[in-house]
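Structure file coords32.cif (mmCIF, C-alpha atoms and all ligand atoms) follows.
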data_input
loop_
_atom_site.label_atom_id
_atom_site.label_comp_id
_atom_site.auth_asym_id
_atom_site.auth_seq_id
_atom_site.Cartn_x
_atom_site.Cartn_y
_atom_site.Cartn_z
CA MET A 145 -109.87 -13.97 18.87
CA SER A 146 -111.30 -10.49 18.91
CA THR A 147 -113.98 -9.66 16.35
CA ALA A 148 -113.88 -5.92 17.06
CA ALA A 149 -113.24 -3.67 14.07
CA PRO A 150 -109.83 -2.02 14.09
CA SER A 151 -110.14 1.16 16.13
CA HIS A 152 -109.70 4.45 14.35
CA THR A 153 -107.56 7.07 16.00
CA PHE A 154 -109.10 10.53 15.76
CA ARG A 155 -106.73 12.63 13.69
CA ARG A 156 -106.57 16.39 14.08
CA ALA A 157 -104.40 18.65 11.91
CA ILE A 158 -103.48 22.29 12.13
CA TYR A 159 -103.11 24.64 9.17
CA PRO A 160 -101.12 27.61 10.45
CA GLY A 161 -100.45 30.87 8.64
CA SER A 162 -100.78 34.63 8.58
CA PHE A 163 -103.83 34.59 6.27
CA ASP A 164 -103.50 38.34 5.61
CA PRO A 165 -105.99 37.83 4.03
CA ILE A 166 -107.22 34.29 3.34
CA THR A 167 -107.22 33.54 -0.41
CA ASN A 168 -108.79 30.89 -2.63
CA GLY A 169 -105.41 29.11 -2.58
CA HIS A 170 -105.64 28.73 1.20
CA ILE A 171 -109.23 27.50 0.85
CA ASP A 172 -108.13 24.90 -1.70
CA VAL A 173 -105.53 23.61 0.79
CA ILE A 174 -108.14 23.59 3.61
CA GLU A 175 -110.52 21.44 1.54
CA ARG A 176 -107.78 18.96 0.63
CA ALA A 177 -106.66 18.68 4.27
CA GLN A 178 -110.24 18.18 5.44
CA GLY A 179 -110.42 15.12 3.21
CA LEU A 180 -107.45 13.59 5.02
CA PHE A 181 -108.18 14.37 8.67
CA ASP A 182 -111.08 14.06 11.09
CA GLU A 183 -110.68 17.67 12.13
CA LEU A 184 -108.79 20.62 10.71
CA ILE A 185 -108.06 23.72 12.75
CA VAL A 186 -107.00 26.89 10.97
CA ALA A 187 -104.55 28.68 13.26
CA VAL A 188 -103.88 32.35 12.64
CA ALA A 189 -100.47 33.51 13.77
CA ALA A 190 -100.42 36.55 16.03
CA ASN A 191 -96.99 37.72 15.03
CA PRO A 192 -96.56 41.29 16.23
CA SER A 193 -93.25 41.72 14.38
CA LYS A 194 -94.92 41.10 10.99
CA LYS A 195 -96.81 44.14 9.77
CA ALA A 196 -100.24 43.05 8.61
CA LEU A 197 -102.91 44.78 6.53
CA PHE A 198 -105.74 43.29 8.60
CA THR A 199 -105.83 42.89 12.37
CA ILE A 200 -105.87 39.38 13.73
CA GLU A 201 -109.56 39.80 14.66
CA GLU A 202 -110.41 40.89 11.11
CA ARG A 203 -108.48 37.95 9.63
CA CYS A 204 -110.24 35.48 11.95
CA GLU A 205 -113.62 36.99 11.08
CA GLN A 206 -112.90 36.63 7.35
CA ILE A 207 -111.83 33.00 7.80
CA ARG A 208 -114.90 32.24 9.93
CA SER A 209 -117.14 33.56 7.17
CA VAL A 210 -115.38 31.15 4.78
CA SER A 211 -115.88 28.29 7.23
CA ALA A 212 -119.59 29.10 7.58
CA SER A 213 -120.06 28.78 3.81
CA MET A 214 -118.32 25.42 3.54
CA ALA A 215 -119.79 21.91 3.55
CA LYS A 216 -117.50 21.00 6.43
CA PRO A 217 -116.95 23.98 8.75
CA PHE A 218 -113.71 24.20 10.70
CA ARG A 219 -112.44 25.84 13.88
CA VAL A 220 -110.46 29.10 13.61
CA VAL A 221 -108.10 29.99 16.45
CA THR A 222 -105.21 32.36 17.03
CA PHE A 223 -101.91 31.36 18.50
CA THR A 224 -98.77 32.99 19.82
CA GLY A 225 -95.45 31.39 20.61
CA LEU A 226 -94.13 28.11 19.30
CA LEU A 227 -96.41 26.43 16.77
CA VAL A 228 -95.49 22.91 17.86
CA GLU A 229 -96.36 23.70 21.49
CA PHE A 230 -99.73 24.98 20.35
CA ALA A 231 -100.19 21.84 18.20
CA LYS A 232 -99.40 19.61 21.19
CA ARG A 233 -101.90 21.47 23.39
CA GLU A 234 -104.55 20.93 20.70
CA GLY A 235 -103.69 17.24 20.43
CA ALA A 236 -102.83 17.56 16.72
CA CYS A 237 -100.72 14.96 14.92
CA ALA A 238 -99.95 17.00 11.82
CA LEU A 239 -99.20 20.47 10.50
CA ILE A 240 -100.41 21.39 7.02
CA ARG A 241 -98.54 23.78 4.76
CA GLY A 242 -99.16 24.70 1.14
CA LEU A 243 -96.52 24.35 -1.56
CA ARG A 244 -97.03 26.47 -4.63
CA ALA A 245 -93.71 26.39 -6.42
CA VAL A 246 -90.09 25.50 -5.93
CA SER A 247 -89.62 28.98 -4.48
CA ASP A 248 -91.69 27.97 -1.42
CA PHE A 249 -89.66 24.84 -0.90
CA GLU A 250 -86.48 25.99 0.81
CA TYR A 251 -88.16 27.99 3.56
CA GLU A 252 -90.90 25.41 4.10
CA PHE A 253 -88.36 22.58 4.24
CA GLN A 254 -86.32 24.42 6.89
CA LEU A 255 -89.42 25.18 8.92
CA ALA A 256 -90.65 21.58 8.73
CA LEU A 257 -87.31 20.13 9.84
CA MET A 258 -87.01 22.63 12.68
CA ASN A 259 -90.52 21.75 13.84
CA ARG A 260 -89.65 18.05 13.60
CA SER A 261 -86.58 18.54 15.78
CA LEU A 262 -88.73 20.38 18.33
CA ALA A 263 -91.58 17.84 18.23
CA PRO A 264 -90.73 14.57 16.40
CA GLU A 265 -94.23 13.19 16.96
CA ILE A 266 -95.83 15.88 14.80
CA GLU A 267 -95.57 15.46 11.01
CA THR A 268 -95.67 18.29 8.48
CA LEU A 269 -97.69 17.60 5.34
CA PHE A 270 -97.37 19.68 2.17
CA LEU A 271 -100.37 20.02 -0.08
CA MET A 272 -100.33 21.49 -3.58
CA PRO A 273 -103.24 23.70 -4.60
CA LYS A 274 -105.00 23.56 -7.95
CA GLU A 275 -102.62 24.92 -10.61
CA THR A 276 -104.69 28.08 -11.07
CA TYR A 277 -103.86 29.08 -7.49
CA SER A 278 -100.18 28.24 -7.68
CA TYR A 279 -99.19 31.84 -8.39
CA LEU A 280 -101.54 33.33 -5.80
CA SER A 281 -100.43 34.82 -2.50
CA SER A 282 -102.03 37.11 0.08
CA SER A 283 -99.47 39.80 -0.72
CA LEU A 284 -100.24 39.69 -4.46
CA ALA A 285 -103.99 39.89 -3.81
CA ARG A 286 -103.37 42.94 -1.59
CA GLU A 287 -101.15 44.54 -4.21
CA VAL A 288 -103.52 43.94 -7.14
CA CYS A 289 -106.41 45.45 -5.17
CA SER A 290 -104.34 48.44 -4.04
CA LEU A 291 -103.50 49.13 -7.70
CA GLY A 292 -107.14 49.01 -8.77
CA GLY A 293 -107.24 45.49 -10.21
CA PRO A 294 -110.09 42.98 -9.72
CA VAL A 295 -109.52 40.36 -7.03
CA GLY A 296 -112.87 38.55 -7.09
CA ALA A 297 -111.29 35.47 -8.71
CA PHE A 298 -108.60 35.20 -6.06
CA VAL A 299 -110.29 35.77 -2.71
CA PRO A 300 -113.66 34.87 -1.13
CA PRO A 301 -116.44 37.54 -1.23
CA ALA A 302 -115.97 38.73 2.38
CA VAL A 303 -112.29 39.35 1.70
CA GLU A 304 -112.94 41.11 -1.60
CA LYS A 305 -115.30 43.46 0.26
CA ALA A 306 -112.75 44.06 3.02
CA LEU A 307 -109.96 44.75 0.52
CA LEU A 308 -112.14 47.17 -1.44
CA GLU A 309 -113.06 48.99 1.77
CA ARG A 310 -109.44 49.18 2.84
CA PHE A 311 -108.05 50.42 -0.46
CA ARG A 312 -110.90 52.15 -2.22
CA GLY A 313 -113.41 53.13 0.41
CA GLY A 314 -115.74 50.31 -0.70
CA ALA A 315 -116.15 51.38 -4.33
CA LYS A 316 -116.19 48.46 -6.79
CA GLU A 317 -115.67 50.72 -9.88
P1 LIG A 401 -97.11 32.37 6.46
O1 LIG A 401 -96.82 33.77 6.92
O2 LIG A 401 -97.09 31.36 7.55
O3 LIG A 401 -96.35 31.94 5.24
P2 LIG A 401 -99.45 32.51 4.71
O4 LIG A 401 -100.84 32.85 5.08
O5 LIG A 401 -98.77 33.38 3.71
O6 LIG A 401 -98.67 32.44 6.08
O7 LIG A 401 -99.38 31.01 4.17
C1 LIG A 401 -99.77 29.93 4.97
C2 LIG A 401 -99.48 28.65 4.22
O8 LIG A 401 -100.31 28.58 3.07
C3 LIG A 401 -98.03 28.54 3.70
O9 LIG A 401 -97.63 27.19 3.76
C4 LIG A 401 -98.15 28.98 2.25
O10 LIG A 401 -97.14 28.38 1.45
C5 LIG A 401 -99.52 28.44 1.92
N1 LIG A 401 -100.16 29.17 0.82
C6 LIG A 401 -100.29 30.51 0.66
N2 LIG A 401 -100.91 30.81 -0.50
C7 LIG A 401 -101.17 29.62 -1.10
C8 LIG A 401 -101.77 29.23 -2.33
N3 LIG A 401 -102.19 30.12 -3.23
N4 LIG A 401 -101.88 27.92 -2.59
C9 LIG A 401 -101.41 27.00 -1.71
N5 LIG A 401 -100.83 27.28 -0.56
C10 LIG A 401 -100.70 28.57 -0.24
#
Could you write out this structure as structure tokens?
Amino acid sequence: MSTAAPSHTFRRAIYPGSFDPITNGHIDVIERAQGLFDELIVAVAANPSKKALFTIEERCEQIRSVSASMAKPFRVVTFTGLLVEFAKREGACALIRGLRAVSDFEYEFQLALMNRSLAPEIETLFLMPKETYSYLSSSLAREVCSLGGPVGAFVPPAVEKALLERFRGGAKE
């Protein structure tokens, strides 16, 4: 009879998104996912057909500054092409997505089932953020800042600075 402890399979997950820019809602999801997996990779989609406020390099830089300030830093990478192919190359067993409200559900459900049909071995996990972030999106943060509103409660400091520079030449009012 073997006395060896049951072996633990290293579990890596990928959290993909546009992150234009990363918000406190994304960070909440990252922290929850980190508690469930051995490694979390944040994968920034290089989707040329989607018009972004920040370049992919700027978005990665902002996310790396978030990672550097966290108790458990994570890897930030960009990807093009099929997400599941990228996930397979990285040896990931799961994809993480955030669910804020019922309005997210239909699109996310479709995406998850399509990804499952493309790669049945990779599971999609949905994580709910803290309620206070359930109405927050990158596009709303961009819009509030562009209209002169404060965004310090919604985005990390590096992103607040970048948004202020983009919309108001750096002035904090
Ligand atoms: P995408 O273009 O892939 O939707 P986003 O950066 O907008 O990229 O979102 C990435 C993921 O994070 C999506 O699953 C989205 O539902 C989720 N998400 C976005 N904002 C929040 C938030 N405030 N709380 C929880 N999840 C969120």
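For the residues A:Val210, A:Ile185, A:Val228, A:Leu271, ranking by smallest atom-to-atom distance to Pro301 of chain A using all atoms listed in the file places A:Val210 first.
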The residue from A:Val173, A:Leu280, A:Ala196, A:Leu243 with the smallest atom-to-atom distance to Ile158 of chain A, counting all atoms listed in the file, is A:Val173
Test item: residues lying within 9 Å of ligand LIG 401 (chain A) with all atoms listed in the file, as a ChimeraX atom specification: /A:159-173,188-189,194,240-245,248-249,252,270-283,298
The residue from A:Ala236, A:Leu197, A:Leu308, A:Leu291 with the smallest atom-to-atom distance to Thr268 of chain A, counting all atoms listed in the file, is A:Ala236
Practice problem: Determine, counting only C-alpha atoms, which protein, DNA and RNA residues have an atom within 10 Å of an atom of Ala157 of chain A; residues of the same chain fewer than 3 positions away are not included. Present the result as a PyMOL selection string. | Solution: chain A and resi 160+177-178+180-186+231+234-240+266-269
Discussion item. For Met214 of chain A, find every residue with an atom within 12 Å (counting all atoms listed in the file), except residues of its own chain fewer than 2 positions away, and show them as a PyMOL selection string.
Written reply: chain A and resi 171-172+174-175+178+207-212+216-219+300
Size and centre in Å, one decimal, axis-aligned box, all listed segment 221-233 of chain A atoms plus 5 Å per side, as JSON:
{"center_x": -101.1, "center_y": 26.3, "center_z": 19.9, "size_x": 24.0, "size_y": 23.4, "size_z": 16.9}
For each of A:Glu201, A:Ala302, A:Arg312, A:Ala190, take the minimum atom-to-atom distance to Cys289 of chain A, counting all atoms listed in the file, then give the residue where this is smallest.
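The closest residue to Cys289 of chain A is A:Arg312.
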Let me make sure I understand: among A:Ala149, A:Ser247, A:Phe154, A:Phe198, which one has the smallest atom-to-atom distance to Glu309 of chain A if we use all atoms listed in the file?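 Of the candidates, the smallest distance to Glu309 of chain A is held by A:Phe198.
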To one decimal place in Å, what is the distance between atom CA of Val220 of chain A and atom CA of Cys204 of chain A?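 Result for atom CA of Val220 of chain A versus atom CA of Cys204 of chain A: 6.6 Å, one decimal.
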Pairwise distance, atom CA of Phe230 of chain A with atom CA of Glu265 of chain A, equals 13.4 Å
Kindly add all heavy atoms to the incomplete segment 300-311 of chain A and provide the output as a short mmCIF file (atom, residue, chain, number, x, y, z; two decimals), keeping the file's coordinate frame.
data_model
loop_
_atom_site.label_atom_id
_atom_site.label_comp_id
_atom_site.auth_asym_id
_atom_site.auth_seq_id
_atom_site.Cartn_x
_atom_site.Cartn_y
_atom_site.Cartn_z
N PRO A 300 -112.22 35.05 -1.36
CA PRO A 300 -113.66 34.87 -1.13
C PRO A 300 -114.36 36.24 -1.02
O PRO A 300 -113.70 37.25 -0.78
CB PRO A 300 -113.71 34.10 0.20
CG PRO A 300 -112.40 34.36 0.86
CD PRO A 300 -111.40 34.59 -0.22
N PRO A 301 -115.70 36.26 -1.19
CA PRO A 301 -116.44 37.54 -1.23
C PRO A 301 -116.21 38.45 -0.02
O PRO A 301 -116.04 39.66 -0.19
CB PRO A 301 -117.90 37.09 -1.30
CG PRO A 301 -117.85 35.71 -1.88
CD PRO A 301 -116.57 35.10 -1.44
N ALA A 302 -116.16 37.89 1.18
CA ALA A 302 -115.97 38.73 2.38
C ALA A 302 -114.61 39.43 2.34
O ALA A 302 -114.47 40.58 2.79
CB ALA A 302 -116.09 37.89 3.64
N VAL A 303 -113.63 38.76 1.78
CA VAL A 303 -112.29 39.35 1.70
C VAL A 303 -112.23 40.40 0.59
O VAL A 303 -111.63 41.46 0.76
CB VAL A 303 -111.22 38.25 1.48
CG1 VAL A 303 -109.87 38.86 1.13
CG2 VAL A 303 -111.11 37.36 2.71
N GLU A 304 -112.91 40.13 -0.51
CA GLU A 304 -112.94 41.11 -1.60
C GLU A 304 -113.54 42.42 -1.07
O GLU A 304 -113.00 43.50 -1.29
CB GLU A 304 -113.79 40.59 -2.78
CG GLU A 304 -113.81 41.56 -3.93
CD GLU A 304 -114.78 41.17 -5.05
OE1 GLU A 304 -115.66 40.31 -4.81
OE2 GLU A 304 -114.65 41.73 -6.15
N LYS A 305 -114.63 42.28 -0.31
CA LYS A 305 -115.30 43.46 0.26
C LYS A 305 -114.34 44.20 1.21
O LYS A 305 -114.20 45.42 1.15
CB LYS A 305 -116.55 42.98 1.01
CG LYS A 305 -117.45 44.06 1.52
CD LYS A 305 -118.82 43.45 1.91
CE LYS A 305 -119.67 44.46 2.64
NZ LYS A 305 -119.33 44.58 4.06
N ALA A 306 -113.67 43.44 2.05
CA ALA A 306 -112.75 44.06 3.02
C ALA A 306 -111.59 44.76 2.32
O ALA A 306 -111.17 45.84 2.72
CB ALA A 306 -112.23 42.99 3.99
N LEU A 307 -111.08 44.14 1.25
CA LEU A 307 -109.96 44.75 0.52
C LEU A 307 -110.42 46.04 -0.16
O LEU A 307 -109.71 47.06 -0.14
CB LEU A 307 -109.41 43.77 -0.53
CG LEU A 307 -108.50 42.66 -0.03
CD1 LEU A 307 -108.24 41.64 -1.14
CD2 LEU A 307 -107.18 43.20 0.51
N LEU A 308 -111.62 45.98 -0.76
CA LEU A 308 -112.14 47.17 -1.44
C LEU A 308 -112.34 48.30 -0.44
O LEU A 308 -112.04 49.47 -0.72
CB LEU A 308 -113.45 46.85 -2.17
CG LEU A 308 -113.30 46.00 -3.43
CD1 LEU A 308 -114.65 45.51 -3.93
CD2 LEU A 308 -112.59 46.77 -4.53
N GLU A 309 -112.84 47.95 0.74
CA GLU A 309 -113.06 48.99 1.77
C GLU A 309 -111.73 49.59 2.19
O GLU A 309 -111.60 50.80 2.34
CB GLU A 309 -113.77 48.38 2.98
CG GLU A 309 -115.28 48.37 2.81
CD GLU A 309 -115.99 47.48 3.83
OE1 GLU A 309 -115.36 47.06 4.82
OE2 GLU A 309 -117.18 47.21 3.60
N ARG A 310 -110.75 48.72 2.37
CA ARG A 310 -109.44 49.18 2.84
C ARG A 310 -108.75 50.09 1.82
O ARG A 310 -108.19 51.11 2.16
CB ARG A 310 -108.57 47.96 3.15
CG ARG A 310 -107.34 48.20 3.98
CD ARG A 310 -107.61 48.89 5.30
NE ARG A 310 -108.57 48.24 6.17
CZ ARG A 310 -108.27 47.46 7.18
NH1 ARG A 310 -107.02 47.23 7.46
NH2 ARG A 310 -109.20 46.95 7.94
N PHE A 311 -108.82 49.68 0.55
CA PHE A 311 -108.05 50.42 -0.46
C PHE A 311 -108.84 51.46 -1.23
O PHE A 311 -108.28 52.38 -1.78
CB PHE A 311 -107.41 49.45 -1.46
CG PHE A 311 -106.30 48.64 -0.87
CD1 PHE A 311 -106.38 47.27 -0.80
CD2 PHE A 311 -105.15 49.27 -0.38
CE1 PHE A 311 -105.34 46.52 -0.24
CE2 PHE A 311 -104.11 48.54 0.16
CZ PHE A 311 -104.20 47.17 0.23
#
